[in-house]
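*Asks:* Hey, dropping entry_6.txt in here, compact mmCIF, N, CA and C atoms:
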# COMPACT_ATOMS: atom_id res chain seq x y z
N MET A 517 -8.00 11.15 21.50
CA MET A 517 -7.31 10.33 20.52
C MET A 517 -6.15 11.15 19.94
N ALA A 518 -5.01 10.54 19.82
CA ALA A 518 -3.82 11.21 19.31
C ALA A 518 -3.96 11.51 17.83
N GLN A 519 -3.47 12.66 17.44
CA GLN A 519 -3.44 13.01 16.02
C GLN A 519 -2.20 12.41 15.39
N ILE A 520 -2.25 12.20 14.11
CA ILE A 520 -1.11 11.61 13.40
C ILE A 520 -0.61 12.62 12.38
N ASN A 521 0.68 12.57 12.08
CA ASN A 521 1.22 13.44 11.04
C ASN A 521 1.91 12.59 9.98
N ILE A 522 2.35 13.22 8.92
CA ILE A 522 2.94 12.51 7.79
C ILE A 522 4.18 11.71 8.20
N LYS A 523 5.00 12.24 9.08
CA LYS A 523 6.20 11.51 9.53
C LYS A 523 5.82 10.20 10.22
N ASP A 524 4.71 10.21 10.98
CA ASP A 524 4.23 8.98 11.61
C ASP A 524 3.88 7.93 10.55
N LEU A 525 3.23 8.37 9.48
CA LEU A 525 2.85 7.45 8.41
C LEU A 525 4.06 6.88 7.70
N GLU A 526 5.07 7.71 7.47
CA GLU A 526 6.29 7.23 6.80
C GLU A 526 6.97 6.15 7.62
N SER A 527 6.89 6.21 8.93
CA SER A 527 7.55 5.22 9.78
C SER A 527 6.87 3.86 9.70
N LEU A 528 5.61 3.81 9.31
CA LEU A 528 4.92 2.52 9.17
C LEU A 528 5.57 1.65 8.11
N ASN A 529 6.19 2.26 7.13
CA ASN A 529 6.76 1.54 5.99
C ASN A 529 8.18 1.04 6.24
N ILE A 530 8.87 1.52 7.26
CA ILE A 530 10.28 1.20 7.40
C ILE A 530 10.62 0.36 8.63
N ARG A 531 9.63 -0.04 9.41
CA ARG A 531 9.96 -0.83 10.58
C ARG A 531 8.85 -1.83 10.88
N GLN A 532 9.25 -2.90 11.53
CA GLN A 532 8.28 -3.88 11.99
C GLN A 532 7.62 -3.35 13.26
N LEU A 533 6.33 -3.48 13.34
CA LEU A 533 5.60 -3.01 14.51
C LEU A 533 4.86 -4.17 15.15
N SER A 534 4.69 -4.10 16.45
CA SER A 534 3.85 -5.10 17.11
C SER A 534 2.40 -4.87 16.67
N GLY A 535 1.58 -5.88 16.82
CA GLY A 535 0.17 -5.75 16.44
C GLY A 535 -0.52 -4.62 17.18
N ILE A 536 -0.20 -4.46 18.46
CA ILE A 536 -0.82 -3.40 19.27
C ILE A 536 -0.41 -2.03 18.76
N THR A 537 0.88 -1.84 18.49
CA THR A 537 1.37 -0.54 18.01
C THR A 537 0.81 -0.23 16.63
N LEU A 538 0.78 -1.23 15.76
CA LEU A 538 0.22 -1.02 14.42
C LEU A 538 -1.25 -0.63 14.51
N LYS A 539 -2.00 -1.31 15.37
CA LYS A 539 -3.42 -0.98 15.55
C LYS A 539 -3.59 0.45 16.03
N GLU A 540 -2.76 0.88 16.99
CA GLU A 540 -2.83 2.26 17.50
C GLU A 540 -2.53 3.27 16.40
N GLN A 541 -1.47 3.00 15.61
CA GLN A 541 -1.09 3.93 14.54
C GLN A 541 -2.19 4.02 13.48
N ILE A 542 -2.75 2.89 13.10
CA ILE A 542 -3.80 2.90 12.08
C ILE A 542 -5.07 3.55 12.62
N THR A 543 -5.41 3.28 13.87
CA THR A 543 -6.57 3.92 14.48
C THR A 543 -6.41 5.43 14.50
N ASN A 544 -5.23 5.92 14.89
CA ASN A 544 -4.96 7.36 14.90
C ASN A 544 -5.03 7.94 13.49
N MET A 545 -4.49 7.19 12.51
CA MET A 545 -4.52 7.66 11.13
C MET A 545 -5.96 7.79 10.64
N LEU A 546 -6.78 6.78 10.89
CA LEU A 546 -8.18 6.83 10.45
C LEU A 546 -8.95 7.93 11.16
N ALA A 547 -8.69 8.12 12.46
CA ALA A 547 -9.36 9.18 13.21
C ALA A 547 -8.95 10.57 12.72
N SER A 548 -7.75 10.68 12.15
CA SER A 548 -7.24 11.96 11.64
C SER A 548 -7.60 12.19 10.18
N SER A 549 -8.35 11.28 9.59
CA SER A 549 -8.66 11.36 8.16
C SER A 549 -10.05 11.93 7.94
N SER A 550 -10.16 12.77 6.92
CA SER A 550 -11.47 13.29 6.54
C SER A 550 -12.19 12.31 5.61
N GLN A 551 -11.44 11.48 4.90
CA GLN A 551 -12.00 10.44 4.04
C GLN A 551 -11.09 9.22 4.15
N CYS A 552 -11.67 8.04 4.10
CA CYS A 552 -10.85 6.83 4.09
C CYS A 552 -11.66 5.65 3.56
N LYS A 553 -10.91 4.69 3.02
CA LYS A 553 -11.53 3.44 2.60
C LYS A 553 -10.50 2.34 2.68
N ALA A 554 -10.97 1.11 2.80
CA ALA A 554 -10.11 -0.06 2.83
C ALA A 554 -10.45 -0.93 1.63
N ILE A 555 -9.40 -1.43 0.97
CA ILE A 555 -9.57 -2.28 -0.20
C ILE A 555 -8.87 -3.61 0.07
N LEU A 556 -9.61 -4.70 0.03
CA LEU A 556 -9.01 -6.02 0.17
C LEU A 556 -8.43 -6.40 -1.19
N GLU A 557 -7.11 -6.35 -1.29
CA GLU A 557 -6.44 -6.64 -2.57
C GLU A 557 -6.40 -8.13 -2.85
N CYS A 558 -6.07 -8.93 -1.84
CA CYS A 558 -6.00 -10.37 -2.07
C CYS A 558 -6.09 -11.09 -0.74
N ILE A 559 -6.48 -12.35 -0.82
CA ILE A 559 -6.48 -13.23 0.34
C ILE A 559 -6.15 -14.63 -0.15
N ASN A 560 -5.24 -15.28 0.55
CA ASN A 560 -4.85 -16.65 0.23
C ASN A 560 -5.60 -17.56 1.18
N GLN A 561 -6.57 -18.28 0.66
CA GLN A 561 -7.42 -19.14 1.49
C GLN A 561 -6.62 -20.27 2.13
N ASP A 562 -5.53 -20.69 1.50
CA ASP A 562 -4.73 -21.79 2.03
C ASP A 562 -3.88 -21.38 3.24
N THR A 563 -3.26 -20.19 3.15
CA THR A 563 -2.34 -19.77 4.20
C THR A 563 -2.94 -18.74 5.16
N GLY A 564 -4.03 -18.08 4.75
CA GLY A 564 -4.62 -17.04 5.58
C GLY A 564 -3.95 -15.68 5.38
N GLU A 565 -2.95 -15.61 4.51
CA GLU A 565 -2.27 -14.34 4.25
C GLU A 565 -3.20 -13.42 3.47
N TYR A 566 -3.17 -12.15 3.82
CA TYR A 566 -4.03 -11.16 3.16
C TYR A 566 -3.28 -9.85 2.95
N ARG A 567 -3.82 -9.02 2.06
CA ARG A 567 -3.27 -7.68 1.85
C ARG A 567 -4.44 -6.71 1.77
N ILE A 568 -4.41 -5.70 2.64
CA ILE A 568 -5.42 -4.66 2.67
C ILE A 568 -4.74 -3.33 2.40
N VAL A 569 -5.32 -2.54 1.53
CA VAL A 569 -4.80 -1.21 1.22
C VAL A 569 -5.75 -0.19 1.84
N LEU A 570 -5.17 0.72 2.64
CA LEU A 570 -5.94 1.83 3.19
C LEU A 570 -5.67 3.07 2.34
N GLN A 571 -6.70 3.76 1.98
CA GLN A 571 -6.56 4.97 1.17
C GLN A 571 -7.40 6.07 1.80
N GLY A 572 -6.83 7.25 1.95
CA GLY A 572 -7.59 8.32 2.55
C GLY A 572 -6.91 9.66 2.45
N ILE A 573 -7.48 10.63 3.13
CA ILE A 573 -6.96 12.00 3.16
C ILE A 573 -6.83 12.42 4.61
N ILE A 574 -5.58 12.76 5.01
CA ILE A 574 -5.33 13.25 6.37
C ILE A 574 -5.86 14.67 6.49
N ASP A 575 -6.62 14.93 7.53
CA ASP A 575 -7.17 16.26 7.79
C ASP A 575 -6.09 17.09 8.49
N HIS A 576 -5.43 17.96 7.74
CA HIS A 576 -4.34 18.77 8.29
C HIS A 576 -4.82 19.86 9.24
N SER A 577 -6.09 20.19 9.22
CA SER A 577 -6.57 21.27 10.08
C SER A 577 -6.51 20.90 11.56
N ASN A 578 -6.45 19.59 11.87
CA ASN A 578 -6.36 19.16 13.26
C ASN A 578 -4.93 19.00 13.73
N ASN A 579 -3.93 19.09 12.83
CA ASN A 579 -2.52 18.90 13.20
C ASN A 579 -1.85 20.21 13.49
As structure tokens, please, write out the structure in this file.

*Replies:*
Amino acid sequence: MAQINIKDLESLNIRQLSGITLKEQITNMLASSSQCKAILECINQDTGEYRIVLQGIIDHSNN
């Protein structure tokens, strides 16, 4: 599994990603984290729109 670094995370915020690429980036981020959690902030039952916040700590010893 590929390791992720801080620059990879910064790029998530500035560009649109395909679902596959976003899944790969998030999977790598979670695999590189020593702690992580997901928080469901909101969900709109009418439209299906949702917001999930990921919070964690990147394990720098593997980078």

*Asks:* What is the atom N of Leu533 (chain A)-atom C of Leu546 (chain A) distance in Å, reported with one decimal?

*Replies:*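 These two atoms are separated by 19.2 Å.
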
*Asks:* Set the distance at 8 Å and use only C-alpha atoms: which residues neighbour Asn544 (chain A) once local chain neighbours fewer than 2 positions away are removed? I'd like the list as an mmCIF file with N, CA and C atoms, in the frame of the given file.

*Replies:*
data_model
loop_
_atom_site.group_PDB
_atom_site.id
_atom_site.type_symbol
_atom_site.label_atom_id
_atom_site.label_comp_id
_atom_site.auth_asym_id
_atom_site.auth_seq_id
_atom_site.Cartn_x
_atom_site.Cartn_y
_atom_site.Cartn_z
ATOM 1 N N MET A 517 -8.000 11.150 21.500
ATOM 2 C CA MET A 517 -7.310 10.330 20.520
ATOM 3 C C MET A 517 -6.150 11.150 19.940
ATOM 4 N N ALA A 518 -5.010 10.540 19.820
ATOM 5 C CA ALA A 518 -3.820 11.210 19.310
ATOM 6 C C ALA A 518 -3.960 11.510 17.830
ATOM 7 N N GLN A 519 -3.470 12.660 17.440
ATOM 8 C CA GLN A 519 -3.440 13.010 16.020
ATOM 9 C C GLN A 519 -2.200 12.410 15.390
ATOM 10 N N ILE A 520 -2.250 12.200 14.110
ATOM 11 C CA ILE A 520 -1.110 11.610 13.400
ATOM 12 C C ILE A 520 -0.610 12.620 12.380
ATOM 13 N N GLU A 540 -2.760 0.880 16.990
ATOM 14 C CA GLU A 540 -2.830 2.260 17.500
ATOM 15 C C GLU A 540 -2.530 3.270 16.400
ATOM 16 N N GLN A 541 -1.470 3.000 15.610
ATOM 17 C CA GLN A 541 -1.090 3.930 14.540
ATOM 18 C C GLN A 541 -2.190 4.020 13.480
ATOM 19 N N ILE A 542 -2.750 2.890 13.100
ATOM 20 C CA ILE A 542 -3.800 2.900 12.080
ATOM 21 C C ILE A 542 -5.070 3.550 12.620
ATOM 22 N N LEU A 546 -6.780 6.780 10.890
ATOM 23 C CA LEU A 546 -8.180 6.830 10.450
ATOM 24 C C LEU A 546 -8.950 7.930 11.160
ATOM 25 N N ALA A 547 -8.690 8.120 12.460
ATOM 26 C CA ALA A 547 -9.360 9.180 13.210
ATOM 27 C C ALA A 547 -8.950 10.570 12.720
ATOM 28 N N SER A 548 -7.750 10.680 12.150
ATOM 29 C CA SER A 548 -7.240 11.960 11.640
ATOM 30 C C SER A 548 -7.600 12.190 10.180
#

*Asks:* May I ask for the distance between CA of Ile536 (chain A) and atom C of Asp575 (chain A), given in Å to one decimal place?

*Replies:* 23.7 Å

*Asks:* What does the structure give for the distance between CA of Gln532 (chain A) and CA of Gln551 (chain A), in Å to one decimal?

*Replies:*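 Result for CA of Gln532 (chain A) versus CA of Gln551 (chain A): 26.1 Å, one decimal.
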
*Asks:* From a backbone DSSP assignment, name each residue in chain A labelled alpha helix (DSSP H), as a PyMOL selection string.

*Replies:* chain A and resi 522-528+535-547

*Asks:* Write out as a PyMOL selection string the residues lying within 6.5 Å of Ser550 (chain A), counting all atoms listed in the file and excluding same-chain residues fewer than 5 positions away.

*Replies:* chain A and resi 572-575
